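Visitor: This one is structure_20.cif, mmCIF, C-alpha atoms.
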```
data_target
loop_
_atom_site.label_atom_id
_atom_site.label_comp_id
_atom_site.auth_asym_id
_atom_site.auth_seq_id
_atom_site.Cartn_x
_atom_site.Cartn_y
_atom_site.Cartn_z
CA MET A 1 111.58 167.12 120.94
CA SER A 2 110.96 168.99 124.15
CA SER A 3 113.43 166.97 126.28
CA ASN A 4 116.21 164.41 126.08
CA ARG A 5 115.21 162.73 129.33
CA SER A 6 115.10 158.95 128.90
CA LEU A 7 111.79 157.15 129.20
CA ALA A 8 110.94 153.54 129.83
CA THR A 9 110.72 151.54 126.63
CA ASP A 10 107.54 149.87 127.89
CA PRO A 11 105.36 152.64 129.34
CA GLU A 12 102.58 151.68 131.71
CA TRP A 13 99.93 153.53 129.68
CA ASP A 14 99.12 153.56 126.00
CA VAL A 15 97.69 157.09 126.21
CA ILE A 16 97.72 159.68 128.98
CA VAL A 17 94.80 162.10 128.67
CA VAL A 18 95.29 165.36 130.57
CA GLY A 19 92.00 167.04 131.44
CA ALA A 20 88.71 165.33 132.33
CA GLY A 21 86.43 167.85 130.67
CA PRO A 22 84.04 166.73 127.93
CA ALA A 23 86.81 166.39 125.33
CA GLY A 24 89.26 164.51 127.52
CA SER A 25 86.71 162.15 129.03
CA LEU A 26 85.14 161.31 125.67
CA CYS A 27 88.54 160.61 124.12
CA ALA A 28 89.47 158.43 127.10
CA GLU A 29 86.16 156.56 126.90
CA HIS A 30 86.52 155.81 123.19
CA LEU A 31 90.14 154.66 123.49
CA ALA A 32 89.56 152.54 126.59
CA GLY A 33 86.53 150.99 124.93
CA ARG A 34 88.82 149.82 122.12
CA GLY A 35 91.08 148.01 124.55
CA HIS A 36 93.83 150.55 125.15
CA ARG A 37 95.40 151.33 128.54
CA ILE A 38 94.21 154.86 129.30
CA LEU A 39 95.09 157.17 132.19
CA LEU A 40 92.82 160.21 132.61
CA LEU A 41 94.27 162.98 134.78
CA GLU A 42 92.17 165.83 136.20
CA ARG A 43 93.56 168.75 138.20
CA ASP A 44 90.37 169.33 140.21
CA HIS A 45 89.18 166.87 142.82
CA ARG A 46 85.88 166.66 140.96
CA PRO A 47 85.60 166.96 137.14
CA GLY A 48 83.81 170.14 136.10
CA ALA A 49 84.03 171.74 139.53
CA CYS A 50 85.74 174.86 138.20
CA ALA A 51 84.15 175.04 134.75
CA ASN A 52 82.87 178.58 134.09
CA CYS A 53 80.27 177.46 131.56
CA THR A 54 76.55 177.98 131.07
CA GLY A 55 76.15 174.32 130.18
CA ILE A 56 74.11 174.74 126.98
CA ILE A 57 74.36 171.74 124.65
CA GLY A 58 72.53 171.34 121.35
CA GLU A 59 70.07 168.52 120.76
CA GLU A 60 72.35 166.97 118.14
CA ALA A 61 75.09 166.31 120.69
CA PHE A 62 72.69 164.30 122.85
CA GLU A 63 71.81 162.15 119.87
CA VAL A 64 75.33 161.71 118.47
CA PHE A 65 76.99 160.86 121.79
CA ASP A 66 74.02 159.35 123.65
CA LEU A 67 74.38 161.92 126.42
CA PRO A 68 72.46 161.36 129.67
CA ARG A 69 69.21 163.29 129.40
CA GLY A 70 68.59 162.91 133.10
CA LEU A 71 71.10 165.72 133.65
CA VAL A 72 69.01 168.28 131.72
CA VAL A 73 67.69 171.06 133.98
CA ASN A 74 65.98 173.11 131.26
CA THR A 75 65.39 173.14 127.51
CA ILE A 76 65.70 176.07 125.11
CA SER A 77 63.10 176.38 122.36
CA ASP A 78 62.54 180.15 122.31
CA VAL A 79 64.97 183.05 122.74
CA VAL A 80 64.26 186.72 123.47
CA PHE A 81 66.81 189.11 121.92
CA ARG A 82 67.17 192.52 123.58
CA GLY A 83 69.11 195.26 121.84
CA PRO A 84 69.78 199.00 121.66
CA TYR A 85 66.93 201.52 121.74
CA ARG A 86 64.72 198.97 123.52
CA ARG A 87 64.56 196.86 120.41
CA GLU A 88 63.27 193.37 121.19
CA VAL A 89 62.79 190.29 119.00
CA THR A 90 61.49 186.90 120.10
CA PHE A 91 62.61 183.83 118.20
CA GLU A 92 60.19 180.93 118.57
CA GLY A 93 61.97 177.79 117.45
CA GLY A 94 58.97 175.52 117.67
CA ARG A 95 61.23 172.64 118.74
CA PRO A 96 63.97 171.96 121.28
CA LEU A 97 67.15 173.70 120.11
CA ALA A 98 69.39 172.98 123.06
CA HIS A 99 69.42 171.72 126.62
CA ILE A 100 71.03 173.06 129.78
CA VAL A 101 73.05 170.91 132.15
CA ARG A 102 75.03 171.59 135.29
CA ARG A 103 78.63 171.24 134.19
CA PHE A 104 79.91 169.54 137.32
CA GLU A 105 77.25 166.84 136.95
CA PHE A 106 77.80 166.54 133.21
CA ASP A 107 81.58 166.33 133.43
CA ALA A 108 81.37 163.82 136.27
CA ALA A 109 79.03 161.62 134.22
CA LEU A 110 81.39 161.64 131.21
CA ALA A 111 84.38 160.84 133.41
CA GLU A 112 82.43 157.96 134.93
CA ARG A 113 81.67 156.65 131.44
CA ALA A 114 85.38 156.71 130.70
CA GLU A 115 86.04 154.69 133.85
CA GLN A 116 83.32 152.21 132.97
CA ALA A 117 84.97 151.75 129.57
CA GLY A 118 88.23 150.84 131.32
CA ALA A 119 90.12 154.12 131.75
CA GLU A 120 91.75 154.93 135.08
CA LEU A 121 90.74 158.35 136.43
CA ARG A 122 93.03 160.22 138.81
CA THR A 123 91.62 163.47 140.23
CA GLY A 124 93.40 166.20 142.15
CA VAL A 125 96.48 165.77 139.94
CA ARG A 126 98.03 168.95 138.56
CA VAL A 127 100.19 168.46 135.49
CA ALA A 128 102.49 171.42 134.96
CA GLY A 129 104.38 169.99 132.01
CA GLY A 130 105.96 166.97 130.44
CA SER A 131 108.44 165.63 127.95
CA ARG A 132 108.88 163.28 124.99
CA SER A 133 111.50 160.85 123.77
CA PRO A 134 111.61 158.35 120.90
CA HIS A 135 110.11 155.82 123.32
CA GLY A 136 107.14 157.71 124.75
CA VAL A 137 105.88 160.61 126.83
CA GLU A 138 106.28 161.50 130.47
CA VAL A 139 104.40 163.87 132.78
CA ASP A 140 104.81 164.77 136.43
CA GLY A 141 101.55 164.90 138.34
CA VAL A 142 101.47 166.93 141.55
CA THR A 143 98.91 166.04 144.22
CA ASP A 144 98.33 167.34 147.74
CA LYS A 145 100.79 164.79 149.09
CA ARG A 146 103.41 163.99 146.47
CA THR A 147 104.68 164.19 142.90
CA GLU A 148 104.24 161.12 140.72
CA THR A 149 105.64 160.46 137.25
CA PHE A 150 103.39 158.90 134.61
CA ARG A 151 104.67 157.37 131.38
CA GLY A 152 102.76 156.57 128.22
CA ARG A 153 103.16 155.89 124.53
CA ALA A 154 101.22 159.04 123.59
CA ILE A 155 99.44 161.96 125.22
CA VAL A 156 96.21 163.88 124.59
CA LEU A 157 96.19 167.45 125.88
CA ALA A 158 92.64 168.53 126.73
CA VAL A 159 93.86 171.34 128.94
CA GLY A 160 91.75 174.34 127.94
CA TYR A 161 93.63 177.59 128.42
CA HIS A 162 96.52 176.14 130.48
CA LEU A 163 99.21 177.02 127.98
CA ALA A 164 102.25 175.97 130.04
CA ILE A 165 101.40 172.31 129.52
CA LEU A 166 101.11 172.84 125.77
CA ARG A 167 104.43 174.64 125.59
CA SER A 168 106.23 171.88 127.47
CA PHE A 169 105.38 169.64 124.51
CA ASP A 170 106.33 172.35 121.99
CA MET A 171 102.69 172.87 121.03
CA ASP A 172 101.13 176.25 120.34
CA GLY A 173 98.00 177.43 122.10
CA PRO A 174 94.98 179.21 120.58
CA ARG A 175 95.73 182.43 118.73
CA GLU A 176 93.69 184.71 120.99
CA PHE A 177 91.28 184.77 123.90
CA VAL A 178 88.09 186.56 124.86
CA GLN A 179 86.83 187.12 128.38
CA GLY A 180 83.92 185.09 129.69
CA VAL A 181 82.20 186.33 132.84
CA GLN A 182 79.20 184.77 134.54
CA LEU A 183 77.36 184.42 137.82
CA LEU A 184 74.78 182.07 139.28
CA CYS A 185 71.91 183.73 141.13
CA ARG A 186 68.29 183.41 142.15
CA ALA A 187 65.80 184.75 139.59
CA LYS A 188 62.05 185.16 139.38
CA ASP A 189 59.83 185.32 136.29
CA LEU A 190 62.69 184.33 134.00
CA HIS A 191 61.09 181.70 131.79
CA GLN A 192 62.96 182.09 128.49
CA THR A 193 66.59 182.46 127.57
CA GLU A 194 67.36 186.13 126.96
CA VAL A 195 70.21 187.43 124.79
CA TYR A 196 71.59 190.97 125.20
CA VAL A 197 73.40 192.76 122.37
CA GLY A 198 74.72 196.28 121.90
CA SER A 199 77.70 198.38 122.95
CA LYS A 200 76.47 198.92 126.51
CA TRP A 201 75.98 195.26 127.27
CA ALA A 202 78.38 193.24 125.12
CA PRO A 203 80.24 195.10 122.36
CA GLY A 204 81.09 192.80 119.49
CA SER A 205 79.46 189.86 121.22
CA PHE A 206 76.42 189.12 123.38
CA GLY A 207 75.26 188.57 126.94
CA TRP A 208 72.74 186.09 128.28
CA ALA A 209 70.27 185.33 131.02
CA VAL A 210 69.57 181.60 131.11
CA PRO A 211 66.96 180.08 133.44
CA LEU A 212 67.95 176.80 135.06
CA ASP A 213 65.61 175.05 137.49
CA GLN A 214 64.28 175.72 140.99
CA GLY A 215 64.49 179.48 140.51
CA TRP A 216 68.17 179.66 139.56
CA ALA A 217 69.68 181.39 136.54
CA LYS A 218 73.06 182.11 134.96
CA ILE A 219 73.80 185.64 133.77
CA GLY A 220 76.91 186.36 131.76
CA LEU A 221 78.61 187.51 128.57
CA THR A 222 81.72 187.19 126.46
CA THR A 223 83.67 190.21 125.30
CA SER A 224 87.17 191.30 124.39
CA GLY A 225 87.52 193.59 127.40
CA LYS A 226 85.91 195.19 130.47
CA ALA A 227 83.83 192.08 131.04
CA ARG A 228 82.83 192.90 134.63
CA GLN A 229 81.75 196.42 133.67
CA HIS A 230 79.47 195.09 130.94
CA LEU A 231 78.07 192.39 133.23
CA ASP A 232 77.12 195.09 135.73
CA ALA A 233 75.28 196.91 132.94
CA ILE A 234 73.27 193.79 132.09
CA LEU A 235 72.46 193.15 135.75
CA ALA A 236 71.29 196.75 136.15
CA SER A 237 69.14 196.75 133.01
CA GLU A 238 65.45 197.46 133.29
CA HIS A 239 64.79 193.95 132.03
CA LEU A 240 66.66 192.11 134.77
CA ALA A 241 67.36 194.26 137.81
CA HIS A 242 63.98 193.67 139.46
CA ARG A 243 64.04 189.92 138.77
CA LEU A 244 67.38 188.95 140.28
CA ASP A 245 68.55 188.25 143.81
CA LEU A 246 72.30 188.84 143.80
CA SER A 247 72.86 188.51 147.54
CA ASP A 248 74.72 185.20 147.27
CA ALA A 249 75.96 185.54 143.69
CA ARG A 250 79.64 185.02 142.94
CA VAL A 251 81.13 186.37 139.72
CA ARG A 252 83.53 184.12 137.83
CA LEU A 253 85.74 185.33 135.00
CA SER A 254 87.82 183.12 132.73
CA PRO A 255 89.54 183.28 129.33
CA ILE A 256 87.96 181.50 126.36
CA PRO A 257 90.29 180.39 123.55
CA VAL A 258 89.37 181.68 120.10
CA GLY A 259 91.03 180.61 116.87
CA ALA A 260 92.79 177.30 116.32
CA PRO A 261 96.59 177.13 116.63
CA GLY A 262 98.66 176.36 113.58
CA ARG A 263 98.88 172.66 114.41
CA THR A 264 97.24 170.36 116.92
CA HIS A 265 99.36 167.24 116.42
CA ASP A 266 102.98 166.22 116.62
CA ASP A 267 105.00 163.12 117.46
CA ARG A 268 103.02 161.27 120.16
CA VAL A 269 100.92 164.36 120.95
CA LEU A 270 97.38 165.45 120.09
CA VAL A 271 95.65 168.60 121.33
CA VAL A 272 91.86 168.56 121.64
CA GLY A 273 89.00 170.76 122.82
CA GLU A 274 89.37 174.41 123.72
CA ALA A 275 93.16 174.11 123.63
CA ALA A 276 92.82 173.20 119.94
CA GLY A 277 90.42 176.08 119.24
CA GLN A 278 87.50 173.68 118.81
CA VAL A 279 85.11 176.38 119.99
CA LYS A 280 82.25 178.01 118.09
CA THR A 281 83.38 181.39 116.85
CA THR A 282 79.78 182.60 116.91
CA SER A 283 78.86 181.84 120.53
CA ASN A 284 82.20 180.76 122.07
CA GLY A 285 80.53 177.52 123.16
CA GLY A 286 82.87 174.57 123.05
CA ILE A 287 81.25 171.44 124.46
CA TYR A 288 79.99 169.79 121.27
CA TYR A 289 82.81 170.87 118.97
CA SER A 290 85.34 169.70 121.57
CA MET A 291 83.66 166.31 121.75
CA LEU A 292 83.67 166.02 117.96
CA GLY A 293 87.37 166.81 117.97
CA ALA A 294 87.95 164.24 120.72
CA ARG A 295 86.13 161.60 118.70
CA GLU A 296 88.46 162.19 115.76
CA ALA A 297 91.48 162.13 118.08
CA ALA A 298 90.45 158.76 119.51
CA ALA A 299 89.94 157.27 116.04
CA THR A 300 93.36 158.48 114.89
CA LEU A 301 95.14 157.25 118.01
CA ASP A 302 93.41 153.87 117.92
CA ALA A 303 94.74 153.23 114.42
CA ALA A 304 98.20 154.61 115.24
CA LEU A 305 98.55 152.51 118.39
CA ARG A 306 97.64 149.36 116.52
CA ARG A 307 100.27 150.13 113.87
CA ASP A 308 102.76 151.14 116.57
CA ASP A 309 103.40 154.34 114.64
CA LEU A 310 102.83 157.49 116.70
CA SER A 311 104.81 159.84 114.50
CA ALA A 312 103.49 163.23 113.49
CA ALA A 313 102.85 161.87 110.01
CA ALA A 314 100.75 159.02 111.38
CA LEU A 315 98.75 161.38 113.61
CA SER A 316 98.18 164.01 110.92
CA SER A 317 94.88 162.41 109.92
CA TYR A 318 93.44 163.86 113.14
CA GLU A 319 94.29 167.37 111.97
CA THR A 320 92.75 166.74 108.57
CA ALA A 321 89.60 165.20 110.02
CA TRP A 322 88.68 167.78 112.63
CA ARG A 323 89.57 170.78 110.49
CA GLY A 324 87.58 169.40 107.57
CA LEU A 325 84.58 169.02 109.84
CA LEU A 326 84.76 172.25 111.84
CA GLU A 327 86.84 174.86 110.01
CA PRO A 328 84.09 175.93 107.56
CA GLU A 329 81.92 176.73 110.58
CA LEU A 330 84.74 178.46 112.43
CA GLN A 331 85.52 180.65 109.42
CA ALA A 332 81.88 181.61 108.86
CA GLY A 333 81.46 182.43 112.53
CA GLN A 334 84.59 184.55 112.53
CA GLN A 335 83.21 186.60 109.65
CA LEU A 336 80.03 187.18 111.64
CA ARG A 337 82.03 188.29 114.67
CA GLU A 338 84.06 190.66 112.50
CA ALA A 339 80.83 192.23 111.29
CA PHE A 340 79.57 192.66 114.85
CA ASP A 341 82.81 194.38 115.79
CA THR A 342 82.03 197.23 113.39
CA ILE A 343 78.26 197.68 113.64
CA SER A 344 76.81 200.71 115.42
CA ASP A 345 73.94 200.44 117.88
CA ALA A 346 71.64 202.20 115.42
CA LYS A 347 72.42 199.71 112.67
CA LEU A 348 72.11 196.81 115.10
CA ALA A 349 68.65 197.99 116.16
CA ALA A 350 67.65 198.28 112.50
CA LEU A 351 68.98 194.80 111.81
CA MET A 352 66.92 193.44 114.70
CA TRP A 353 63.81 195.12 113.29
CA ILE A 354 64.44 193.48 109.92
CA GLY A 355 65.13 190.15 111.61
CA GLY A 356 61.78 190.35 113.35
CA MET A 357 59.88 190.52 110.06
CA GLU A 358 57.82 187.38 109.58
CA SER A 359 59.27 186.46 106.19
CA LEU A 360 62.84 186.58 107.48
CA MET A 361 61.88 184.94 110.76
CA ASP A 362 60.41 182.01 108.83
CA LEU A 363 63.68 181.60 106.95
CA ILE A 364 65.66 181.69 110.19
CA ARG A 365 63.28 179.25 111.87
CA ASN A 366 63.60 176.79 109.00
CA ARG A 367 67.38 177.00 108.69
CA ALA A 368 68.47 177.68 112.27
CA ASP A 369 70.61 175.02 113.89
CA PHE A 370 72.14 175.41 117.33
CA ASP A 371 75.44 173.83 116.33
CA TRP A 372 75.85 174.46 112.60
CA HIS A 373 75.47 178.12 111.65
CA ARG A 374 77.03 178.31 108.21
CA PRO A 375 73.96 177.10 106.22
CA LEU A 376 71.85 179.87 107.77
CA LEU A 377 74.57 182.47 107.24
CA ASP A 378 74.93 181.40 103.61
CA GLU A 379 71.16 181.74 103.16
CA LEU A 380 71.09 185.16 104.83
CA SER A 381 73.97 186.39 102.67
CA GLY A 382 71.50 186.62 99.79
CA HIS A 383 69.23 188.99 101.72
CA ARG A 384 69.49 192.57 100.45
CA VAL A 385 70.16 194.18 103.83
CA VAL A 386 71.42 191.34 106.01
CA GLY A 387 73.77 190.26 103.23
CA GLN A 388 75.47 193.67 103.26
CA PHE A 389 76.00 193.34 107.01
CA LEU A 390 77.59 189.91 106.64
CA LYS A 391 79.87 191.17 103.87
CA MET A 392 81.29 193.69 106.33
CA GLY A 393 82.75 190.76 108.25
CA THR A 394 84.06 189.13 105.08
CA ARG A 395 85.91 192.31 104.13
CA ARG A 396 87.39 192.71 107.59
CA ALA A 397 88.53 189.08 107.64
CA ALA A 398 90.21 189.54 104.25
CA GLU A 399 91.99 192.69 105.45
CA ALA A 400 93.25 191.08 108.67
#
```
Could you show the structure in this file as C-alpha cells?
Guide:
Amino acid sequence: MSSNRSLATDPEWDVIVVGAGPAGSLCAEHLAGRGHRILLLERDHRPGACANCTGIIGEEAFEVFDLPRGLVVNTISDVVFRGPYRREVTFEGGRPLAHIVRRFEFDAALAERAEQAGAELRTGVRVAGGSRSPHGVEVDGVTDKRTETFRGRAIVLAVGYHLAILRSFDMDGPREFVQGVQLLCRAKDLHQTEVYVGSKWAPGSFGWAVPLDQGWAKIGLTTSGKARQHLDAILASEHLAHRLDLSDARVRLSPIPVGAPGRTHDDRVLVVGEAAGQVKTTSNGGIYYSMLGAREAAATLDAALRRDDLSAAALSSYETAWRGLLEPELQAGQQLREAFDTISDAKLAALMWIGGMESLMDLIRNRADFDWHRPLLDELSGHRVVGQFLKMGTRRAAEA
C-alpha cells in the first residue's frame, strides 16, 4: 500500500477517474451508465485543451463507440508517402480509412456523454498524487482557489504521461517515451494526407501533413530525438515550404508513452490509456486503443463493485482482457519499428518502389486496416523482399 492514512469506510464515490481524455471519459460514461457513483477529474479547465494530437480516428472506432460524426473535419481515404531520393508512392484506399477531429471538441463531447450518463465532472482540478487503505482510495485535488480531498472505493488513472500520480499509487509508468512535435498552420493546396519518411525527416518513424478544414493543417512527427530539428526539415521541404503560412504557427512538443508497464492493475487501482501503454506501436496513435482499454476497465470494475471485491486478484481480469486484445498488435508494431530503426535511406527508397508496384498495392489495399495492422504485416511477411525487411525487426526484438 502506498500510505497508511485512514480513509472513510463509506467513500462518497464508487470510482474516481483521473483524466477526462478519451479513455477516462469513456470509462466514466460506462460505469455511470451502470449506476455507479463516478467522479471524473480533469486538470485542464476544458477537456482536450492541451492535447497535442492530430485527432485521427479510424472508422471502426466511430462504429464501435457511436462517436459523434458531426465533429469530423476531414476524412482520410488516400495517403501520399514521400521518402528519400524523391521517392513518392500514393496509396488510394478506395474507402474512408479514418476521420479527423479537433481534440478539444472531441474530448469535450466524450466528457459531456459521461456527465449525461450520471458522472460528475470537475475541471481545473490538478491531482498530484493519492493514497490507498483497506477501505478505499483518496486523492487531493488542487484548484485555483483551494485543495479538496476526494474519497472513493476505487480509482482509474487515465493520466497519460504524468508519472507522479502513478507512482503515488505504486504503479509503474510506460517503459519508454518518444517525442511528438506538431504545429497548426494555414496551408494551401494540401488536399491529401502526406506521410514523410527517411533519416532527414523522421528517422525510425514518420512525419505527417494532415489537412483539416477551412485551410488549416497539422504538420508533425514522432521520433526518439531532435524532434524540432526534424520538424524544421519537413517544413522546409520542397513539398511543403511553398504551401504553408507559418506566421501564426505555434510548435508543441510532448512525450508519447511507448510500451506497456509490467502491470496496469492493483488493489483498487486500474491504469488505462496512454499511461497503460495502450498506444499503437506503429503510429503512436492512442485514441482508439485507449478507449478499448477503458471499456475493459469499466466492465471489470462494474463486476468488482457489485461483488464488493476490489482486490488485485478481482481486478486482474482487466489486465487479461486488454492485453489479449491489444498485445498481438503492439508486438507486431514494435517489430516493424525495430526494422525501421535499422533501414538505410537507400533501402527505404527501394522498399517504397516495391510497395508502389500494382500487385503489392492491391494486397495492401485489400488487407489494410487503420487500427489493426498485424494481419497485413503477417501477409507481407511472405513477400520475398518485404518479408526480409520485416524479419530485421523480429531479429532486433529477439536480441533486445
Visitor: Please, what distance in Å, to one decimal, runs between atom CA of Ser254 of chain A and atom CA of Ala164 of chain A?
Guide: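 Distance between the two atoms: 16.3 Å.
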Visitor: Taking the file as shown, find all residues satisfying the PyMOL selection byres ((chain A and resi 300) around 10) and write them as a list in words.
Guide: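 Matching residues under the PyMOL selection byres ((chain A and resi 300) around 10) are Leu31, Leu270, Ala294, Arg295, Glu296, Ala297, Ala298, Ala299, Leu301, Asp302, Ala303, Ala304, Leu305, Leu310, Ala314, Leu315, Ser316, Ser317, Tyr318, Glu319 and Ala321 of chain A.
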Visitor: For segment 49-105 of chain A versus segment 370-382 of chain A, which residues have an atom no more than 8 Å away, and what is each residue's nearest atom pair and distance in Å rounded to one decimal, using only C-alpha atoms, chain-then-number order, as CSV?
Guide:
```
residue,atom,partner,partner_atom,distance
A:Gly58,CA,A:Phe370,CA,5.7
A:Glu59,CA,A:Phe370,CA,8.0
A:Glu60,CA,A:Asp371,CA,7.7
A:Leu97,CA,A:Phe370,CA,6.0
A:Ala98,CA,A:Phe370,CA,6.8
```
Visitor: Evaluate the PyMOL selection byres ((chain A and resi 333) around 8) here and jot the selected residues down as a PyMOL selection string.
Guide: chain A and resi 280-282+329-332+334-337+373-374
Visitor: Please write out, as JSON, where the centre of an axis-aligned box around all listed atoms of segment 297-306 of chain A lies and how long its edges are, in Å to one decimal, after adding 4 Å on each side.
Guide:
```
{"center_x": 94.2, "center_y": 155.7, "center_z": 117.0, "size_x": 16.6, "size_y": 20.8, "size_z": 13.1}
```
Visitor: Which residue is closest to Val15 of chain A? Choose from A:Phe177, A:Phe150, A:Phe81, A:Phe340 and count only C-alpha atoms.
Guide: A:Phe150
